[in-house]
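A short worksheet on the structure shown next.
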Amino acid sequence: MALDALPQGVLLLDRRFRVAHANRGLLELLGQGRRTPRPALTLEAFLAAGEAAGRLPPGAAWRAHLAHGTETSAPLALADGRSLGVTVRRTRNRG
């Protein structure tokens, strides 16, 4: 998929807020391997797996920033001190 070639981490969610696709960069950064997990995880379960892999601080404030269905733009702190800029935005049609 073309998203895998992007240097940015990209995560696409379906209308039920489950992970439809995560590109390689994001998966590797969050310790998820190279393929989007099947069956599709909820966004919270996907990020909780990043916590379990030691890539995200446990109980981090990202839970509030990435609440189900909420459009937001917020930093997501990583356990190694780096941070990601996270934007959650609904798209038209099927997004």
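Chains: A, B, ... in order of the structure tokens. Residues: from 1 per chain. Ligands: from 1, in order shown.
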
Alpha helix (DSSP H) positions in stretch 3-71 of chain A, given as JSON, numbers by chain: {"A": [24, 25, 26, 27, 28, 29, 43, 44, 45, 46, 47, 48, 49, 50, 51, 52, 62, 63, 64, 65]}

What's around A:Gly50 at 9 Å? Count only C-alpha atoms, leave out sequence neighbours fewer than 2 positions away in its own chain, and write the answer as a compact mmCIF listing (two decimals) with all heavy atoms, in the first residue's frame.
```
# COMPACT_ATOMS: atom_id res chain seq x y z
N LEU A 27 3.68 1.17 12.79
CA LEU A 27 3.68 -0.15 13.42
C LEU A 27 5.02 -0.45 14.08
O LEU A 27 5.08 -0.91 15.22
CB LEU A 27 3.35 -1.23 12.39
CG LEU A 27 1.91 -1.24 11.90
CD1 LEU A 27 1.78 -2.15 10.69
CD2 LEU A 27 0.96 -1.65 12.99
N LEU A 29 7.32 1.76 15.00
CA LEU A 29 7.55 2.72 16.08
C LEU A 29 6.84 2.29 17.36
O LEU A 29 7.38 2.44 18.46
CB LEU A 29 7.06 4.10 15.65
CG LEU A 29 7.30 5.24 16.62
CD1 LEU A 29 8.79 5.49 16.80
CD2 LEU A 29 6.62 6.49 16.13
N LEU A 30 5.66 1.72 17.23
CA LEU A 30 4.88 1.31 18.40
C LEU A 30 5.08 -0.16 18.75
O LEU A 30 4.35 -0.70 19.59
CB LEU A 30 3.40 1.61 18.19
CG LEU A 30 3.04 3.09 18.05
CD1 LEU A 30 1.55 3.27 17.87
CD2 LEU A 30 3.54 3.89 19.24
N GLY A 31 6.04 -0.82 18.13
CA GLY A 31 6.35 -2.20 18.48
C GLY A 31 5.30 -3.20 18.04
O GLY A 31 5.12 -4.22 18.68
N GLN A 32 4.62 -2.92 16.93
CA GLN A 32 3.54 -3.77 16.46
C GLN A 32 3.93 -4.66 15.29
O GLN A 32 3.06 -5.22 14.64
CB GLN A 32 2.34 -2.91 16.05
CG GLN A 32 1.80 -2.03 17.13
CD GLN A 32 1.22 -2.82 18.27
OE1 GLN A 32 0.48 -3.76 18.05
NE2 GLN A 32 1.57 -2.46 19.48
N ALA A 45 -7.15 -0.23 22.00
CA ALA A 45 -6.45 -1.51 22.11
C ALA A 45 -5.13 -1.48 21.34
O ALA A 45 -4.11 -2.01 21.79
CB ALA A 45 -7.33 -2.65 21.62
N PHE A 46 -5.12 -0.84 20.18
CA PHE A 46 -3.91 -0.71 19.38
C PHE A 46 -2.84 0.05 20.15
O PHE A 46 -1.68 -0.37 20.24
CB PHE A 46 -4.23 -0.01 18.06
CG PHE A 46 -3.05 0.21 17.17
CD1 PHE A 46 -2.56 -0.82 16.39
CD2 PHE A 46 -2.44 1.45 17.11
CE1 PHE A 46 -1.47 -0.61 15.56
CE2 PHE A 46 -1.35 1.67 16.29
CZ PHE A 46 -0.86 0.63 15.50
N LEU A 47 -3.23 1.18 20.75
CA LEU A 47 -2.27 1.98 21.51
C LEU A 47 -1.89 1.30 22.82
O LEU A 47 -0.75 1.43 23.28
CB LEU A 47 -2.81 3.39 21.74
CG LEU A 47 -2.99 4.21 20.45
CD1 LEU A 47 -3.64 5.54 20.76
CD2 LEU A 47 -1.68 4.40 19.72
N ALA A 48 -2.81 0.55 23.43
CA ALA A 48 -2.47 -0.20 24.64
C ALA A 48 -1.41 -1.25 24.34
O ALA A 48 -0.56 -1.53 25.18
CB ALA A 48 -3.73 -0.84 25.22
N ALA A 52 2.15 -1.96 26.10
CA ALA A 52 2.65 -3.28 26.51
C ALA A 52 4.03 -3.56 25.91
O ALA A 52 4.85 -4.24 26.54
CB ALA A 52 1.66 -4.37 26.10
N ALA A 53 4.30 -3.02 24.73
CA ALA A 53 5.60 -3.20 24.09
C ALA A 53 6.64 -2.24 24.65
O ALA A 53 7.80 -2.28 24.24
CB ALA A 53 5.46 -3.01 22.58
N GLY A 54 6.23 -1.38 25.58
CA GLY A 54 7.17 -0.43 26.18
C GLY A 54 7.43 0.79 25.32
O GLY A 54 8.35 1.55 25.58
N ARG A 55 6.61 1.03 24.30
CA ARG A 55 6.82 2.16 23.39
C ARG A 55 6.04 3.39 23.81
O ARG A 55 6.40 4.50 23.44
CB ARG A 55 6.44 1.78 21.97
CG ARG A 55 7.15 0.57 21.42
CD ARG A 55 8.65 0.80 21.34
NE ARG A 55 9.36 -0.37 20.93
CZ ARG A 55 9.75 -0.64 19.69
NH1 ARG A 55 9.49 0.22 18.74
NH2 ARG A 55 10.40 -1.74 19.43
N LEU A 56 4.94 3.20 24.53
CA LEU A 56 4.15 4.31 25.05
C LEU A 56 4.13 4.23 26.56
O LEU A 56 4.07 3.14 27.11
CB LEU A 56 2.71 4.23 24.54
CG LEU A 56 2.48 4.45 23.05
CD1 LEU A 56 1.03 4.16 22.69
CD2 LEU A 56 2.83 5.87 22.67
N PRO A 57 4.19 5.37 27.24
CA PRO A 57 4.13 5.34 28.69
C PRO A 57 2.78 4.79 29.16
O PRO A 57 1.75 5.16 28.59
CB PRO A 57 4.30 6.79 29.11
CG PRO A 57 4.61 7.56 27.90
CD PRO A 57 4.31 6.72 26.71
```

Strand (DSSP E or B) call set, DSSP backbone run, chain A, as a list in words: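 Listing strand (DSSP E or B) positions across chain A yields Leu11, Leu12, Leu13, Arg18, Val19, Ala20, His21, Ala22, Thr42, Thr72, Ser73, Ala74, Pro75, Leu76, Ala77, Ser83, Leu84, Gly85, Val86, Thr87 and Val88 of chain A.
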
Resulting file, chosen residues, N, CA, C and O atoms, as a PDB file, in the first residue's frame:
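Final output, again.pdb:
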```pdb
ATOM      1  N   LEU A  11      -2.361   6.086  10.490  1.00  0.00           N
ATOM      2  CA  LEU A  11      -3.306   5.114  11.027  1.00  0.00           C
ATOM      3  C   LEU A  11      -4.688   5.476  10.502  1.00  0.00           C
ATOM      4  O   LEU A  11      -5.139   6.605  10.680  1.00  0.00           O
ATOM      5  N   LEU A  12      -5.342   4.537   9.826  1.00  0.00           N
ATOM      6  CA  LEU A  12      -6.691   4.760   9.324  1.00  0.00           C
ATOM      7  C   LEU A  12      -7.662   3.957  10.169  1.00  0.00           C
ATOM      8  O   LEU A  12      -7.424   2.784  10.447  1.00  0.00           O
ATOM      9  N   LEU A  13      -8.760   4.596  10.553  1.00  0.00           N
ATOM     10  CA  LEU A  13      -9.768   3.956  11.390  1.00  0.00           C
ATOM     11  C   LEU A  13     -11.068   3.818  10.610  1.00  0.00           C
ATOM     12  O   LEU A  13     -11.384   4.668   9.780  1.00  0.00           O
ATOM     13  N   ARG A  18     -12.168   1.372  14.742  1.00  0.00           N
ATOM     14  CA  ARG A  18     -11.225   0.260  14.776  1.00  0.00           C
ATOM     15  C   ARG A  18     -10.144   0.516  13.735  1.00  0.00           C
ATOM     16  O   ARG A  18     -10.367   1.194  12.735  1.00  0.00           O
ATOM     17  N   VAL A  19      -8.974  -0.059  13.965  1.00  0.00           N
ATOM     18  CA  VAL A  19      -7.836   0.140  13.062  1.00  0.00           C
ATOM     19  C   VAL A  19      -8.101  -0.576  11.742  1.00  0.00           C
ATOM     20  O   VAL A  19      -8.227  -1.792  11.695  1.00  0.00           O
ATOM     21  N   ALA A  20      -8.189   0.206  10.653  1.00  0.00           N
ATOM     22  CA  ALA A  20      -8.365  -0.360   9.316  1.00  0.00           C
ATOM     23  C   ALA A  20      -7.009  -0.589   8.671  1.00  0.00           C
ATOM     24  O   ALA A  20      -6.797  -1.575   7.970  1.00  0.00           O
ATOM     25  N   HIS A  21      -6.065   0.335   8.892  1.00  0.00           N
ATOM     26  CA  HIS A  21      -4.705   0.186   8.358  1.00  0.00           C
ATOM     27  C   HIS A  21      -3.750   1.060   9.166  1.00  0.00           C
ATOM     28  O   HIS A  21      -4.087   2.179   9.526  1.00  0.00           O
ATOM     29  N   ALA A  22      -2.585   0.539   9.424  1.00  0.00           N
ATOM     30  CA  ALA A  22      -1.491   1.307  10.019  1.00  0.00           C
ATOM     31  C   ALA A  22      -0.280   1.090   9.120  1.00  0.00           C
ATOM     32  O   ALA A  22       0.006  -0.049   8.735  1.00  0.00           O
ATOM     33  N   THR A  42      -9.554  -1.921  18.256  1.00  0.00           N
ATOM     34  CA  THR A  42      -9.988  -0.549  18.494  1.00  0.00           C
ATOM     35  C   THR A  42      -8.731   0.306  18.618  1.00  0.00           C
ATOM     36  O   THR A  42      -7.631  -0.203  18.879  1.00  0.00           O
ATOM     37  N   THR A  72      -9.296  15.851  17.073  1.00  0.00           N
ATOM     38  CA  THR A  72      -8.319  16.506  17.923  1.00  0.00           C
ATOM     39  C   THR A  72      -6.962  16.554  17.249  1.00  0.00           C
ATOM     40  O   THR A  72      -6.714  15.846  16.273  1.00  0.00           O
ATOM     41  N   SER A  73      -6.094  17.353  17.756  1.00  0.00           N
ATOM     42  CA  SER A  73      -4.692  17.377  17.366  1.00  0.00           C
ATOM     43  C   SER A  73      -3.915  17.527  18.663  1.00  0.00           C
ATOM     44  O   SER A  73      -4.155  18.463  19.425  1.00  0.00           O
ATOM     45  N   ALA A  74      -3.044  16.576  18.940  1.00  0.00           N
ATOM     46  CA  ALA A  74      -2.353  16.576  20.228  1.00  0.00           C
ATOM     47  C   ALA A  74      -1.027  15.839  20.111  1.00  0.00           C
ATOM     48  O   ALA A  74      -0.871  14.972  19.262  1.00  0.00           O
ATOM     49  N   PRO A  75      -0.066  16.167  20.971  1.00  0.00           N
ATOM     50  CA  PRO A  75       1.174  15.394  21.002  1.00  0.00           C
ATOM     51  C   PRO A  75       0.954  14.063  21.715  1.00  0.00           C
ATOM     52  O   PRO A  75       0.145  13.976  22.646  1.00  0.00           O
ATOM     53  N   LEU A  76       1.627  13.037  21.257  1.00  0.00           N
ATOM     54  CA  LEU A  76       1.578  11.720  21.885  1.00  0.00           C
ATOM     55  C   LEU A  76       3.000  11.401  22.330  1.00  0.00           C
ATOM     56  O   LEU A  76       3.883  11.194  21.503  1.00  0.00           O
ATOM     57  N   ALA A  77       3.242  11.429  23.634  1.00  0.00           N
ATOM     58  CA  ALA A  77       4.580  11.204  24.168  1.00  0.00           C
ATOM     59  C   ALA A  77       4.943   9.728  24.081  1.00  0.00           C
ATOM     60  O   ALA A  77       4.145   8.864  24.424  1.00  0.00           O
ATOM     61  N   SER A  83       8.189  12.442  20.747  1.00  0.00           N
ATOM     62  CA  SER A  83       6.732  12.576  20.704  1.00  0.00           C
ATOM     63  C   SER A  83       6.270  12.565  19.251  1.00  0.00           C
ATOM     64  O   SER A  83       7.023  12.892  18.344  1.00  0.00           O
ATOM     65  N   LEU A  84       5.019  12.169  19.075  1.00  0.00           N
ATOM     66  CA  LEU A  84       4.382  12.173  17.763  1.00  0.00           C
ATOM     67  C   LEU A  84       3.317  13.253  17.762  1.00  0.00           C
ATOM     68  O   LEU A  84       2.638  13.454  18.756  1.00  0.00           O
ATOM     69  N   GLY A  85       3.174  13.923  16.638  1.00  0.00           N
ATOM     70  CA  GLY A  85       2.042  14.824  16.471  1.00  0.00           C
ATOM     71  C   GLY A  85       0.881  13.990  15.968  1.00  0.00           C
ATOM     72  O   GLY A  85       0.987  13.330  14.942  1.00  0.00           O
ATOM     73  N   VAL A  86      -0.212  13.985  16.685  1.00  0.00           N
ATOM     74  CA  VAL A  86      -1.354  13.145  16.340  1.00  0.00           C
ATOM     75  C   VAL A  86      -2.534  14.031  15.969  1.00  0.00           C
ATOM     76  O   VAL A  86      -2.881  14.954  16.707  1.00  0.00           O
ATOM     77  N   THR A  87      -3.132  13.738  14.807  1.00  0.00           N
ATOM     78  CA  THR A  87      -4.335  14.435  14.385  1.00  0.00           C
ATOM     79  C   THR A  87      -5.403  13.392  14.111  1.00  0.00           C
ATOM     80  O   THR A  87      -5.173  12.457  13.359  1.00  0.00           O
ATOM     81  N   VAL A  88      -6.546  13.532  14.748  1.00  0.00           N
ATOM     82  CA  VAL A  88      -7.691  12.672  14.501  1.00  0.00           C
ATOM     83  C   VAL A  88      -8.723  13.523  13.773  1.00  0.00           C
ATOM     84  O   VAL A  88      -9.133  14.558  14.285  1.00  0.00           O
TER      85      VAL A  88
END
```

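Of the listed residues (A:Ala49, A:Pro7, A:Asp14, A:Leu26), A:Asp14 comes nearest to A:Thr91; the distances count only C-alpha atoms.
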
Atom CA of A:Glu44 to atom CA of A:Asp4, distance in Å rounded to a single decimal: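 Answer for the atom CA of A:Glu44 to atom CA of A:Asp4 separation: 21.6 Å.
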
Atomic distance atom CA of A:Met1 - atom CA of A:Arg92, expressed in Å with one decimal: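 According to the coordinates, atom CA of A:Met1 and atom CA of A:Arg92 are separated by 20.8 Å.
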
d(atom CA of A:Arg34, atom CA of A:Leu3) in Å: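 Between atom CA of A:Arg34 and atom CA of A:Leu3 the gap works out to 12.6 Å.
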